[in-house]
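Colleague: Input work.tsv, format and content: TSV, C-alpha atoms.
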```tsv
chain	number	residue	atom	x	y	z
P	404	MET	CA	-1.80	-154.33	-21.06
P	405	ASN	CA	-1.35	-152.06	-24.10
P	406	PHE	CA	2.25	-150.82	-23.74
P	407	PRO	CA	1.84	-147.36	-25.42
P	408	PHE	CA	-1.34	-146.71	-23.43
P	409	TYR	CA	0.35	-147.67	-20.16
P	410	ILE	CA	3.28	-145.28	-20.78
P	411	ALA	CA	0.95	-142.48	-21.95
P	412	ARG	CA	-1.14	-142.82	-18.80
P	413	ARG	CA	1.98	-142.50	-16.62
P	414	TYR	CA	3.15	-139.46	-18.58
P	415	LEU	CA	-0.25	-137.79	-18.24
P	416	PHE	CA	-0.43	-138.01	-14.46
P	417	SER	CA	3.26	-137.91	-13.54
P	418	LYS	CA	5.13	-134.74	-12.61
P	419	LYS	CA	7.19	-133.30	-15.45
P	420	SER	CA	10.63	-131.79	-15.13
P	421	THR	CA	9.22	-128.54	-16.47
P	422	HIS	CA	6.21	-127.35	-14.48
P	423	ALA	CA	4.85	-125.43	-17.48
P	424	ILE	CA	4.03	-128.74	-19.21
P	425	ASN	CA	1.66	-129.70	-16.38
P	426	VAL	CA	0.06	-126.26	-16.56
P	427	ILE	CA	-0.41	-126.43	-20.33
P	428	SER	CA	-1.83	-129.96	-20.07
P	429	ALA	CA	-4.32	-128.75	-17.46
P	430	ILE	CA	-5.24	-125.79	-19.66
P	431	SER	CA	-5.78	-128.19	-22.57
P	432	VAL	CA	-8.17	-130.31	-20.52
P	433	VAL	CA	-10.04	-127.22	-19.30
P	434	GLY	CA	-10.28	-125.82	-22.84
P	435	VAL	CA	-11.75	-129.03	-24.21
P	436	ALA	CA	-14.09	-129.32	-21.20
P	437	VAL	CA	-15.40	-125.77	-21.61
P	438	ALA	CA	-16.06	-126.24	-25.34
P	439	THR	CA	-17.78	-129.57	-24.62
P	440	MET	CA	-19.87	-128.01	-21.87
P	441	ALA	CA	-20.93	-125.23	-24.27
P	442	LEU	CA	-22.03	-127.84	-26.81
P	443	VAL	CA	-24.10	-129.72	-24.23
P	444	VAL	CA	-25.81	-126.60	-22.87
P	445	THR	CA	-26.42	-124.94	-26.25
P	446	LEU	CA	-27.89	-128.01	-27.94
P	447	SER	CA	-30.02	-128.72	-24.85
P	448	VAL	CA	-31.45	-125.19	-24.98
P	449	PHE	CA	-32.35	-125.67	-28.65
P	450	ASN	CA	-34.00	-128.96	-27.68
P	451	GLY	CA	-35.89	-127.15	-24.94
P	452	PHE	CA	-37.35	-124.61	-27.36
P	453	HIS	CA	-38.14	-127.39	-29.84
P	454	ASP	CA	-40.05	-129.42	-27.23
P	455	LEU	CA	-41.81	-126.32	-25.94
P	456	VAL	CA	-43.09	-125.35	-29.39
P	457	ALA	CA	-44.11	-128.96	-30.07
P	458	SER	CA	-46.13	-129.08	-26.86
P	459	LEU	CA	-47.95	-125.86	-27.77
P	460	PHE	CA	-48.92	-127.06	-31.24
P	461	THR	CA	-50.11	-130.38	-29.81
P	462	ALA	CA	-53.17	-128.72	-28.24
P	463	PHE	CA	-54.43	-127.58	-31.64
P	464	ASP	CA	-52.95	-129.88	-34.27
P	465	PRO	CA	-54.21	-133.44	-34.84
P	466	GLN	CA	-51.97	-136.48	-34.67
P	467	LEU	CA	-52.41	-137.04	-38.41
P	468	LYS	CA	-53.84	-134.81	-41.10
P	469	VAL	CA	-54.92	-136.14	-44.50
P	470	ALA	CA	-55.33	-133.36	-47.06
P	471	PRO	CA	-55.68	-133.26	-50.86
P	472	ALA	CA	-52.37	-132.98	-52.68
P	473	VAL	CA	-53.97	-130.78	-55.36
P	474	GLY	CA	-56.75	-128.29	-54.75
P	475	LYS	CA	-58.40	-127.06	-51.58
P	476	ALA	CA	-61.13	-129.65	-51.08
P	477	VAL	CA	-62.33	-133.11	-52.09
P	478	PRO	CA	-65.67	-134.92	-51.68
P	479	ALA	CA	-66.24	-136.06	-48.12
P	480	ASP	CA	-67.34	-139.50	-49.35
P	481	ASP	CA	-64.10	-140.12	-51.24
P	482	PRO	CA	-63.42	-143.90	-51.05
P	483	ALA	CA	-59.88	-143.40	-49.73
P	484	LEU	CA	-61.09	-141.16	-46.90
P	485	THR	CA	-63.87	-143.60	-46.08
P	486	ARG	CA	-61.38	-146.47	-45.80
P	487	ILE	CA	-59.10	-144.39	-43.58
P	488	LYS	CA	-61.99	-143.55	-41.22
P	489	GLN	CA	-62.82	-147.23	-40.89
P	490	LEU	CA	-59.34	-148.33	-39.86
P	491	PRO	CA	-59.51	-150.03	-36.42
P	492	GLU	CA	-56.59	-147.93	-35.13
P	493	VAL	CA	-58.46	-144.66	-35.77
P	494	GLU	CA	-60.29	-143.53	-32.64
P	495	VAL	CA	-61.46	-140.06	-33.76
P	496	ALA	CA	-61.85	-138.72	-37.30
P	497	THR	CA	-62.89	-135.11	-37.89
P	498	GLU	CA	-63.76	-133.52	-41.21
P	499	THR	CA	-62.69	-129.90	-41.63
P	500	ILE	CA	-63.23	-127.05	-44.07
P	501	GLU	CA	-60.65	-124.28	-43.98
P	502	ASP	CA	-60.35	-121.09	-46.03
P	503	GLN	CA	-59.81	-117.35	-45.75
P	504	ALA	CA	-62.53	-114.81	-45.10
P	505	LEU	CA	-63.02	-111.26	-43.85
P	506	ALA	CA	-64.19	-110.78	-40.25
P	507	VAL	CA	-65.83	-107.47	-39.29
P	508	TYR	CA	-66.77	-106.39	-35.78
P	509	GLY	CA	-67.93	-102.82	-35.28
P	510	ASP	CA	-65.46	-100.56	-37.04
P	511	ARG	CA	-62.67	-103.15	-37.06
P	512	GLN	CA	-61.92	-105.85	-39.56
P	513	ALA	CA	-59.30	-108.54	-40.25
P	514	VAL	CA	-58.57	-111.21	-42.81
P	515	VAL	CA	-58.99	-114.50	-40.95
P	516	MET	CA	-58.79	-118.24	-41.48
P	517	ILE	CA	-62.13	-119.88	-40.86
P	518	LYS	CA	-61.75	-123.48	-39.71
P	519	GLY	CA	-64.98	-125.45	-39.70
P	520	VAL	CA	-64.80	-128.65	-37.68
P	521	ASP	CA	-67.06	-131.48	-36.54
P	522	ASP	CA	-68.57	-131.52	-33.07
P	523	ASN	CA	-65.97	-134.09	-31.96
P	524	PHE	CA	-63.08	-131.67	-32.46
P	525	ASP	CA	-62.60	-131.45	-28.69
P	526	SER	CA	-62.09	-135.24	-28.64
P	527	LEU	CA	-59.58	-135.01	-31.48
P	528	THR	CA	-57.36	-132.35	-29.87
P	529	HIS	CA	-56.81	-130.77	-26.46
P	530	ILE	CA	-58.70	-127.63	-27.44
P	531	ARG	CA	-60.47	-127.42	-24.08
P	532	ASP	CA	-57.12	-127.09	-22.34
P	533	ILE	CA	-56.34	-123.82	-24.16
P	534	LEU	CA	-59.74	-122.11	-23.86
P	535	VAL	CA	-59.98	-118.90	-21.85
P	536	GLY	CA	-63.17	-117.17	-20.80
P	537	GLU	CA	-66.42	-117.97	-19.04
P	538	GLY	CA	-68.10	-120.24	-21.59
P	539	ASP	CA	-67.40	-123.70	-22.98
P	540	PHE	CA	-66.49	-125.35	-26.26
P	541	GLU	CA	-69.63	-125.06	-28.41
P	542	LEU	CA	-69.92	-124.80	-32.19
P	543	HIS	CA	-73.67	-124.35	-32.71
P	544	ALA	CA	-76.98	-124.24	-30.87
P	545	ALA	CA	-80.61	-123.48	-31.80
P	546	GLY	CA	-79.80	-122.64	-35.40
P	547	MET	CA	-76.92	-120.31	-34.46
P	548	SER	CA	-73.29	-120.94	-35.30
P	549	TYR	CA	-70.65	-120.05	-32.75
P	550	GLY	CA	-67.19	-118.77	-33.56
P	551	ILE	CA	-64.18	-119.18	-31.25
P	552	PRO	CA	-61.44	-116.74	-32.29
P	553	GLY	CA	-57.81	-116.78	-31.21
P	554	ILE	CA	-56.94	-114.45	-28.35
P	555	ARG	CA	-54.74	-112.19	-30.50
P	556	LEU	CA	-57.45	-111.93	-33.15
P	557	ALA	CA	-59.94	-110.97	-30.45
P	558	GLU	CA	-57.60	-108.14	-29.45
P	559	THR	CA	-57.38	-106.97	-33.06
P	560	LEU	CA	-61.17	-106.94	-33.45
P	561	ALA	CA	-61.76	-105.70	-29.87
P	562	THR	CA	-64.39	-108.37	-29.25
P	563	GLY	CA	-63.39	-109.37	-25.73
P	564	TYR	CA	-64.03	-112.88	-24.41
P	565	ARG	CA	-67.74	-112.63	-25.17
P	566	TYR	CA	-68.75	-110.38	-28.04
P	567	SER	CA	-72.28	-109.09	-27.59
P	568	ASP	CA	-72.96	-108.33	-31.25
P	569	PRO	CA	-72.59	-111.01	-33.92
P	570	LEU	CA	-69.29	-111.23	-35.76
P	571	LYS	CA	-69.90	-110.65	-39.47
P	572	ILE	CA	-68.01	-112.94	-41.84
P	573	TYR	CA	-67.61	-112.25	-45.56
P	574	ALA	CA	-66.29	-114.66	-48.19
P	575	PRO	CA	-66.11	-114.17	-51.98
P	576	LYS	CA	-68.64	-116.12	-54.03
P	577	ARG	CA	-67.14	-119.04	-55.90
P	578	GLU	CA	-69.11	-118.48	-59.07
P	579	GLY	CA	-70.07	-115.46	-61.12
P	580	GLN	CA	-68.33	-112.20	-61.87
P	581	LEU	CA	-67.82	-109.30	-59.52
P	582	ASN	CA	-70.21	-106.41	-60.18
P	583	MET	CA	-68.13	-103.29	-59.61
P	584	ALA	CA	-71.28	-101.21	-59.35
P	585	ASN	CA	-72.31	-103.24	-56.32
P	586	PRO	CA	-69.26	-105.11	-54.92
P	587	ALA	CA	-71.24	-106.44	-51.94
P	588	ASP	CA	-73.07	-108.82	-54.29
P	589	GLY	CA	-69.79	-110.64	-54.86
P	590	PHE	CA	-69.58	-111.80	-51.24
P	591	VAL	CA	-71.39	-114.30	-49.07
P	592	GLU	CA	-72.25	-112.78	-45.68
P	593	ASP	CA	-72.95	-114.72	-42.52
P	594	GLU	CA	-72.78	-114.22	-38.75
P	595	LEU	CA	-71.05	-115.95	-35.87
P	596	TYR	CA	-72.05	-115.67	-32.23
P	597	SER	CA	-69.88	-115.92	-29.15
P	598	PRO	CA	-69.82	-119.00	-26.89
P	599	GLY	CA	-67.95	-116.89	-24.32
P	600	VAL	CA	-64.48	-118.32	-24.86
P	601	LEU	CA	-61.32	-117.72	-26.88
P	602	PHE	CA	-58.49	-120.13	-27.59
P	603	ASN	CA	-54.88	-119.38	-26.69
P	604	VAL	CA	-52.34	-121.63	-28.42
P	605	LYS	CA	-49.62	-119.07	-27.61
P	606	GLN	CA	-48.51	-119.14	-31.22
P	607	ALA	CA	-49.26	-116.11	-33.41
P	608	LYS	CA	-49.92	-118.34	-36.42
P	609	TYR	CA	-53.13	-119.52	-34.78
P	610	ASP	CA	-53.96	-116.93	-32.13
P	611	LYS	CA	-53.85	-114.04	-34.59
P	612	ASN	CA	-55.58	-115.59	-37.59
P	613	TYR	CA	-57.92	-118.49	-36.79
P	614	ILE	CA	-61.62	-118.74	-35.93
P	615	ILE	CA	-62.97	-122.19	-35.07
P	616	THR	CA	-66.60	-122.81	-35.98
P	617	SER	CA	-68.92	-125.60	-37.10
P	618	ILE	CA	-68.23	-127.36	-40.37
P	619	GLY	CA	-71.80	-126.64	-41.49
P	620	PHE	CA	-71.20	-122.90	-41.20
P	621	ALA	CA	-67.94	-123.15	-43.16
P	622	ARG	CA	-69.51	-125.24	-45.92
P	623	ASN	CA	-72.32	-122.73	-46.36
P	624	LEU	CA	-69.93	-119.77	-46.28
P	625	PHE	CA	-67.50	-121.18	-48.84
P	626	ASP	CA	-70.12	-123.08	-50.89
P	627	GLN	CA	-68.40	-126.39	-50.17
P	628	GLN	CA	-71.38	-128.64	-49.46
P	629	GLY	CA	-70.31	-132.26	-49.16
P	630	MET	CA	-66.62	-131.33	-49.36
P	631	VAL	CA	-63.69	-131.47	-46.92
P	632	SER	CA	-60.38	-129.61	-46.81
P	633	ALA	CA	-58.80	-132.25	-44.61
P	634	LEU	CA	-59.50	-135.33	-42.56
P	635	GLU	CA	-57.92	-135.03	-39.11
P	636	LEU	CA	-57.26	-138.17	-37.09
P	637	ARG	CA	-56.44	-139.34	-33.59
P	638	LEU	CA	-55.25	-142.89	-33.12
P	639	ARG	CA	-56.19	-145.29	-30.35
P	640	PRO	CA	-53.74	-145.44	-27.43
P	641	GLY	CA	-51.15	-148.16	-27.94
P	642	SER	CA	-51.31	-148.04	-31.75
P	643	ASP	CA	-48.07	-148.34	-33.69
P	644	PHE	CA	-47.99	-144.76	-34.95
P	645	ASP	CA	-45.41	-145.26	-37.71
P	646	ALA	CA	-47.10	-148.42	-39.01
P	647	VAL	CA	-50.56	-146.80	-39.07
P	648	LYS	CA	-49.18	-143.71	-40.77
P	649	ALA	CA	-47.54	-145.88	-43.45
P	650	GLU	CA	-50.82	-147.78	-43.97
P	651	ILE	CA	-52.77	-144.52	-44.32
P	652	LYS	CA	-50.22	-143.28	-46.86
P	653	ASP	CA	-50.72	-146.46	-48.89
P	654	ILE	CA	-54.49	-145.97	-48.85
P	655	ALA	CA	-54.27	-142.25	-49.64
P	656	GLY	CA	-51.86	-142.72	-52.54
P	657	ASP	CA	-50.60	-139.74	-54.51
P	658	ARG	CA	-53.90	-137.87	-54.30
P	659	PHE	CA	-53.46	-136.98	-50.62
P	660	THR	CA	-50.72	-135.87	-48.27
P	661	VAL	CA	-50.45	-137.47	-44.81
P	662	ARG	CA	-48.67	-135.35	-42.20
P	663	ASP	CA	-48.00	-135.83	-38.51
P	664	ARG	CA	-47.79	-132.93	-36.05
P	665	PHE	CA	-44.17	-132.12	-36.85
P	666	GLU	CA	-44.75	-132.25	-40.61
P	667	GLN	CA	-47.77	-129.96	-40.26
P	668	GLN	CA	-45.37	-127.36	-38.77
P	669	ASP	CA	-42.52	-128.29	-41.09
P	670	ASP	CA	-41.34	-124.71	-41.68
P	671	THR	CA	-41.04	-123.91	-37.99
P	672	PHE	CA	-39.20	-127.08	-37.05
P	673	ARG	CA	-36.95	-126.96	-40.11
P	674	ILE	CA	-35.74	-123.49	-39.11
P	675	MET	CA	-35.09	-124.70	-35.56
P	676	LYS	CA	-33.11	-127.70	-36.85
P	677	ILE	CA	-31.01	-125.44	-39.10
P	678	GLU	CA	-30.29	-123.08	-36.21
P	679	LYS	CA	-29.27	-126.02	-34.02
P	680	LEU	CA	-27.00	-127.39	-36.77
P	681	ILE	CA	-25.31	-124.00	-37.27
P	682	ALA	CA	-24.73	-123.68	-33.51
P	683	TYR	CA	-23.24	-127.18	-33.46
P	684	ILE	CA	-20.88	-126.34	-36.36
P	685	PHE	CA	-19.68	-123.06	-34.81
P	686	LEU	CA	-19.08	-124.63	-31.41
P	687	THR	CA	-17.21	-127.49	-33.06
P	688	PHE	CA	-14.88	-124.90	-34.63
P	689	ILE	CA	-14.31	-123.44	-31.15
P	690	LEU	CA	-13.61	-126.96	-29.90
P	691	THR	CA	-11.05	-127.39	-32.68
P	692	VAL	CA	-9.26	-124.22	-31.58
P	693	ALA	CA	-9.28	-125.47	-27.98
P	694	CYS	CA	-7.68	-128.72	-29.14
P	695	PHE	CA	-4.64	-126.83	-30.47
P	696	ASN	CA	-3.62	-126.39	-26.83
P	697	ILE	CA	-3.14	-130.15	-26.79
P	698	ILE	CA	-0.62	-129.84	-29.63
P	699	GLY	CA	1.49	-127.40	-27.62
P	700	SER	CA	1.32	-129.65	-24.57
P	701	LEU	CA	2.37	-132.73	-26.54
P	702	SER	CA	5.21	-130.99	-28.38
P	703	MET	CA	6.71	-129.85	-25.06
P	704	LEU	CA	6.18	-133.33	-23.61
P	705	ILE	CA	8.04	-134.90	-26.54
P	706	ILE	CA	11.00	-132.60	-25.94
P	707	ASP	CA	10.87	-133.21	-22.16
P	708	LYS	CA	10.85	-137.00	-22.60
P	709	LYS	CA	13.70	-137.35	-25.14
P	710	ASP	CA	15.81	-139.25	-22.64
P	711	ASP	CA	12.89	-141.54	-21.75
P	712	VAL	CA	12.31	-142.19	-25.44
P	713	ALA	CA	15.94	-143.30	-25.83
P	714	THR	CA	15.48	-145.67	-22.90
P	715	LEU	CA	12.31	-147.10	-24.42
P	716	ARG	CA	14.14	-147.68	-27.69
P	717	ASN	CA	16.92	-149.54	-25.88
P	718	LEU	CA	14.25	-151.70	-24.26
P	719	GLY	CA	12.96	-152.65	-27.71
P	720	ALA	CA	10.13	-150.17	-28.33
P	721	SER	CA	9.64	-149.37	-32.01
P	722	ASP	CA	9.21	-145.86	-33.39
P	723	SER	CA	5.54	-146.55	-34.14
P	724	GLN	CA	4.95	-147.58	-30.50
P	725	ILE	CA	6.63	-144.41	-29.27
P	726	VAL	CA	4.49	-142.30	-31.59
P	727	ARG	CA	1.40	-144.10	-30.29
P	728	VAL	CA	2.42	-143.15	-26.73
P	729	PHE	CA	2.01	-139.47	-27.53
P	730	LEU	CA	-1.09	-140.08	-29.64
P	731	PHE	CA	-2.67	-141.83	-26.65
P	732	GLU	CA	-1.61	-138.87	-24.52
P	733	GLY	CA	-3.57	-136.49	-26.77
P	734	ARG	CA	-6.57	-138.80	-26.89
P	735	MET	CA	-6.68	-139.10	-23.11
P	736	ILE	CA	-6.58	-135.32	-22.73
P	737	SER	CA	-9.52	-135.10	-25.17
P	738	ALA	CA	-11.40	-137.90	-23.41
P	739	ILE	CA	-10.92	-136.41	-19.94
P	740	GLY	CA	-12.00	-132.99	-21.23
P	741	ALA	CA	-15.03	-134.55	-22.93
P	742	VAL	CA	-16.17	-136.43	-19.83
P	743	ALA	CA	-15.62	-133.41	-17.56
P	744	GLY	CA	-17.36	-131.05	-20.00
P	745	ILE	CA	-20.36	-133.35	-20.42
P	746	ALA	CA	-20.65	-133.80	-16.65
P	747	VAL	CA	-20.55	-130.05	-15.99
P	748	GLY	CA	-22.90	-129.39	-18.91
P	749	LEU	CA	-25.45	-131.90	-17.63
P	750	LEU	CA	-25.20	-130.39	-14.15
P	751	LEU	CA	-25.88	-126.90	-15.52
P	752	CYS	CA	-28.82	-128.21	-17.54
P	753	TRP	CA	-30.28	-129.84	-14.42
P	754	LEU	CA	-29.85	-126.65	-12.41
P	755	GLN	CA	-31.56	-124.66	-15.19
P	756	GLN	CA	-34.44	-127.13	-15.32
P	757	GLU	CA	-34.93	-127.12	-11.55
P	758	PHE	CA	-34.25	-123.50	-10.65
P	759	GLY	CA	-34.36	-121.49	-13.91
P	760	LEU	CA	-31.04	-119.79	-13.19
P	761	VAL	CA	-30.87	-117.97	-16.53
P	762	GLY	CA	-33.99	-115.95	-17.23
P	763	LEU	CA	-35.12	-114.25	-20.41
P	764	GLY	CA	-33.89	-110.88	-19.21
P	765	ARG	CA	-36.20	-107.89	-19.32
P	766	SER	CA	-38.63	-109.92	-21.42
P	767	SER	CA	-39.34	-112.29	-18.52
P	768	GLY	CA	-43.05	-112.33	-17.83
P	769	SER	CA	-43.90	-111.40	-21.44
P	770	PHE	CA	-43.58	-114.98	-22.60
P	771	ILE	CA	-45.12	-118.26	-21.52
P	772	ILE	CA	-41.89	-119.12	-19.71
P	773	ASP	CA	-39.61	-116.96	-17.58
P	774	SER	CA	-36.33	-118.79	-18.16
P	775	TYR	CA	-34.61	-120.63	-20.97
P	776	PRO	CA	-36.09	-124.12	-21.47
P	777	VAL	CA	-33.65	-127.03	-21.41
P	778	SER	CA	-34.12	-130.59	-22.64
P	779	VAL	CA	-31.24	-133.07	-22.67
P	780	HIS	CA	-31.42	-135.66	-25.45
P	781	PRO	CA	-29.16	-138.72	-25.00
P	782	GLU	CA	-28.40	-138.87	-28.71
P	783	ASP	CA	-27.01	-135.33	-28.56
P	784	VAL	CA	-24.77	-136.23	-25.62
P	785	ALA	CA	-23.45	-139.24	-27.55
P	786	LEU	CA	-22.87	-137.09	-30.65
P	787	ILE	CA	-20.96	-134.51	-28.60
P	788	PHE	CA	-18.76	-137.16	-27.00
P	789	VAL	CA	-17.91	-138.70	-30.39
P	790	THR	CA	-17.30	-135.23	-31.86
P	791	VAL	CA	-14.85	-134.26	-29.12
P	792	LEU	CA	-12.92	-137.52	-29.46
P	793	ALA	CA	-12.82	-137.23	-33.26
P	794	VAL	CA	-11.71	-133.58	-33.24
P	795	GLY	CA	-9.11	-134.30	-30.57
P	796	PHE	CA	-7.71	-137.25	-32.51
P	797	LEU	CA	-7.56	-135.35	-35.81
P	798	ALA	CA	-6.02	-132.29	-34.15
P	799	VAL	CA	-3.06	-134.22	-32.71
P	800	TRP	CA	-2.50	-136.94	-35.31
P	801	TYR	CA	-0.40	-135.03	-37.85
P	802	PRO	CA	1.48	-132.73	-35.38
P	803	VAL	CA	2.50	-135.67	-33.16
P	804	ARG	CA	3.82	-137.67	-36.10
P	805	TYR	CA	5.64	-134.60	-37.43
P	806	PHE	CA	7.31	-133.67	-34.12
P	807	ALA	CA	8.09	-137.29	-33.37
P	808	LYS	CA	9.96	-137.73	-36.65
P	809	ARG	CA	11.88	-134.48	-36.13
P	810	LEU	CA	12.82	-134.98	-32.49
P	811	LEU	CA	12.95	-138.69	-31.82
```
As structure tokens, please, write out the structure in this file.
Modeller:
Amino acid sequence: MNFPFYIARRYLFSKKSTHAINVISAISVVGVAVATMALVVTLSVFNGFHDLVASLFTAFDPQLKVAPAVGKAVPADDPALTRIKQLPEVEVATETIEDQALAVYGDRQAVVMIKGVDDNFDSLTHIRDILVGEGDFELHAAGMSYGIPGIRLAETLATGYRYSDPLKIYAPKREGQLNMANPADGFVEDELYSPGVLFNVKQAKYDKNYIITSIGFARNLFDQQGMVSALELRLRPGSDFDAVKAEIKDIAGDRFTVRDRFEQQDDTFRIMKIEKLIAYIFLTFILTVACFNIIGSLSMLIIDKKDDVATLRNLGASDSQIVRVFLFEGRMISAIGAVAGIAVGLLLCWLQQEFGLVGLGRSSGSFIIDSYPVSVHPEDVALIFVTVLAVGFLAVWYPVRYFAKRLL
């Protein structure tokens, strides 16, 4: 058995001559445990929001999106895009045309993003799962083009679920000069009809700005015949996602960008990662302050055990072994606090997941969830445990060596 560890373990659990040492040791463990618990709960809440946002985008965003690196559109028969469509791992490939336009309904208007898609768009994404209204997912019928706006955009334009009059769409002409005497000649005008549904991604980026329609309508509106803004893909179940993505990148080369769902929402997820990192750093500082209680406990223990130290020396213990006794003491306090804090933190996370103990306050009911979402990631728990042990070790290393040299 490791001699310093054996002595440190006895010192930790034995009764001291001064009761205050036991109290301070207990306070040290509690302080480390509380800081550790705060790390577990806080990072799990950030994970919960991250997973929630990811699940919302999943219903609208494709698994992979191939878009031109330069410019808005490329020919639909581009050899690289044709090869990507023909990959055996690709189950659904949808061509899209996307650009800004002006939508006018009655006396209301809004700048919108028109997204023209193929008829298989409902096979590419889970768009049907986020439709609200009395109709169904339709893009065109009998020579008419349908437009499915986001629910927030429908509120802005006051269209309701089913707009009775056609929605007028205006887009600037790609060629020619604007005649200031008759500005209307500088725009292409077309109409969209209602299929009786709206989509509700529950993200303002889409719900407030997008209208989904047929790709034929979008090509006519933006004068992009035979062109695509992006090729959106869904892979076959069981495909090696990372390997297929790497293969598509090789085919696409530098002329195209290939993004998965998280990369398509890079700005949103980058902000969330930064916020999580800042929370981790601040709570680690709090943990460091909590670890200073260990220093006070160890310094009093060193003074209390001066006679024992003399006995250990007489028995042949070296100064380095004696120093290691107190270093092990500090590490064990950190380890016990870490284990207790992680256990309590995981319990609180489970209670929040099951019962939603902490709601969103007065805003409950205004959001898609009523309580804070929680998602425990094993890698975060491992990081927290290592962090607590590292901070505890660094916090006691120099003070223990200093006090030991002065008092032993």
Colleague: So, with all atoms listed in the file as the atoms that count, which of P:Val661, P:Val600, P:Leu763, P:Val777 lies closest to Leu751 (chain P)?
Modeller: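 Smallest distance to Leu751 (chain P) is found for P:Val777.
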Colleague: How far is it from CA of Asn405 (chain P) to CA of Gln724 (chain P), in Å with one decimal?
Modeller: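 So the answer is 10.0 Å.
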Colleague: Which residues are close to Glu498 (chain P), i.e. within 7 Å by all atoms listed in the file, leaving aside same-chain residues fewer than 2 positions away? Reply as JSON, numbers by chain.
Modeller: {"P": [496, 520, 521, 631, 633, 634, 635]}
Colleague: Contacts of region 605-614 of chain P at 6 Å or less, counting all atoms listed in the file, minus same-chain residues fewer than 6 places along, as a list in words?
Modeller: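 My list of contacting residues is Val515, Met516, Ile517, Ile551, Pro552, Gly553, Ile554, Arg555 and Leu556 of chain P.
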Colleague: Pick out the closest residue to Lys709 (chain P) from this set: P:Ile725, P:Ala476, P:Asp454, P:Asp626. Count all atoms listed in the file.
Modeller: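 Nearest candidate to Lys709 (chain P) out of P:Ile725, P:Ala476, P:Asp454, P:Asp626: P:Ile725.
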Colleague: Here is a test: counting only C-alpha atoms, which residue of P:Asp657, P:Asp722, P:Asp773, P:Glu732 is nearest to Phe758 (chain P)?
Modeller: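 Selected residue with least distance to Phe758 (chain P): P:Asp773.
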Colleague: Restricting the calculation to all atoms listed in the file, which member of P:Lys576, P:Lys571, P:Arg531, P:Arg639 is positioned closest to Ala506 (chain P)?
Modeller: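 Of all the options, P:Lys571 lies closest to Ala506 (chain P).
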Colleague: Between P:Asn425, P:Val535, P:Gly748, P:Thr439, which residue has the minimum interatomic distance to Ile689 (chain P), considering only C-alpha atoms?
Modeller: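 Looking at the shortest contact to Ile689 (chain P), the residue is P:Thr439.
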Colleague: Any idea what the distance is between CA of Phe463 (chain P) and CA of Ile530 (chain P)?
Modeller: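 Computing the Euclidean distance for CA of Phe463 (chain P) and CA of Ile530 (chain P) yields 6.0 Å.
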Colleague: Can you work out which one of P:Ser597, P:Thr497, P:Ser702, P:Asn450 has the shortest atom-to-atom distance to Glu541 (chain P), counting all atoms listed in the file?
Modeller: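 When distances to Glu541 (chain P) are compared using all atoms listed in the file, the smallest one comes from P:Ser597.
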Colleague: Taking the point (-53.2, -150.8, -27.7) as given in the file, collect each protein or nucleic acid residue that comes within 12 Å of it, counting only C-alpha atoms, and present the set as a PyMOL selection string.
Modeller: chain P and resi 491-494+638-644
Colleague: Residues at most 10 Å from region 566-569 of chain P, counting all atoms listed in the file, excluding those fewer than 5 positions away in the same chain, as number ranges by chain?
Modeller: P: 507-509, 549-550, 557, 560-561, 593-600
Colleague: List as a ChimeraX atom specification the residues having at least one atom at most 8 Å from position (-53.2, -134.5, -47.3) as given in the file, counting all atoms listed in the file.
Modeller: /P:468-472,633-634,658-662
Colleague: So which residues touch Thr790 (chain P) within 10 Å, counting only C-alpha atoms, skipping near sequence neighbours fewer than 6 positions away, as a VMD selection string?
Modeller: chain P and resid 439 687 690 741 784 796
Colleague: I need the residues from that last selection saved to file as a PDB file, keeping the file's coordinate frame (with C-alpha atoms), if you can.
Modeller:
```
ATOM      1  CA  THR P 439     -17.780-129.570 -24.620  1.00  0.00           C
ATOM      2  CA  THR P 687     -17.210-127.490 -33.060  1.00  0.00           C
ATOM      3  CA  LEU P 690     -13.610-126.960 -29.900  1.00  0.00           C
ATOM      4  CA  ALA P 741     -15.030-134.550 -22.930  1.00  0.00           C
ATOM      5  CA  VAL P 784     -24.770-136.230 -25.620  1.00  0.00           C
ATOM      6  CA  PHE P 796      -7.710-137.250 -32.510  1.00  0.00           C
TER       7      PHE P 796
END
```
Colleague: Measure the distance from CA of Leu760 (chain P) to CA of Ile681 (chain P) in Å and round it to one decimal.
Modeller: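 It comes out at 25.1 Å.
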Colleague: Could you extract region 725-729 of chain P of the given structure into a file holding N, CA and C atoms, as a compact mmCIF listing (two decimals), in the first residue's frame?
Modeller:
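For reference, part.txt as written:
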```
# COMPACT_ATOMS: atom_id res chain seq x y z
N ILE P 725 6.39 12.86 3.74
CA ILE P 725 5.50 13.60 4.65
C ILE P 725 4.74 14.68 3.87
N VAL P 726 5.45 15.36 2.97
CA VAL P 726 4.78 16.36 2.14
C VAL P 726 3.69 15.70 1.29
N ARG P 727 3.99 14.52 0.77
CA ARG P 727 3.00 13.82 -0.06
C ARG P 727 1.78 13.41 0.75
N VAL P 728 1.94 13.19 2.05
CA VAL P 728 0.79 12.88 2.90
C VAL P 728 -0.24 14.00 2.83
N PHE P 729 0.23 15.22 2.96
CA PHE P 729 -0.69 16.36 2.98
C PHE P 729 -1.18 16.71 1.56
```
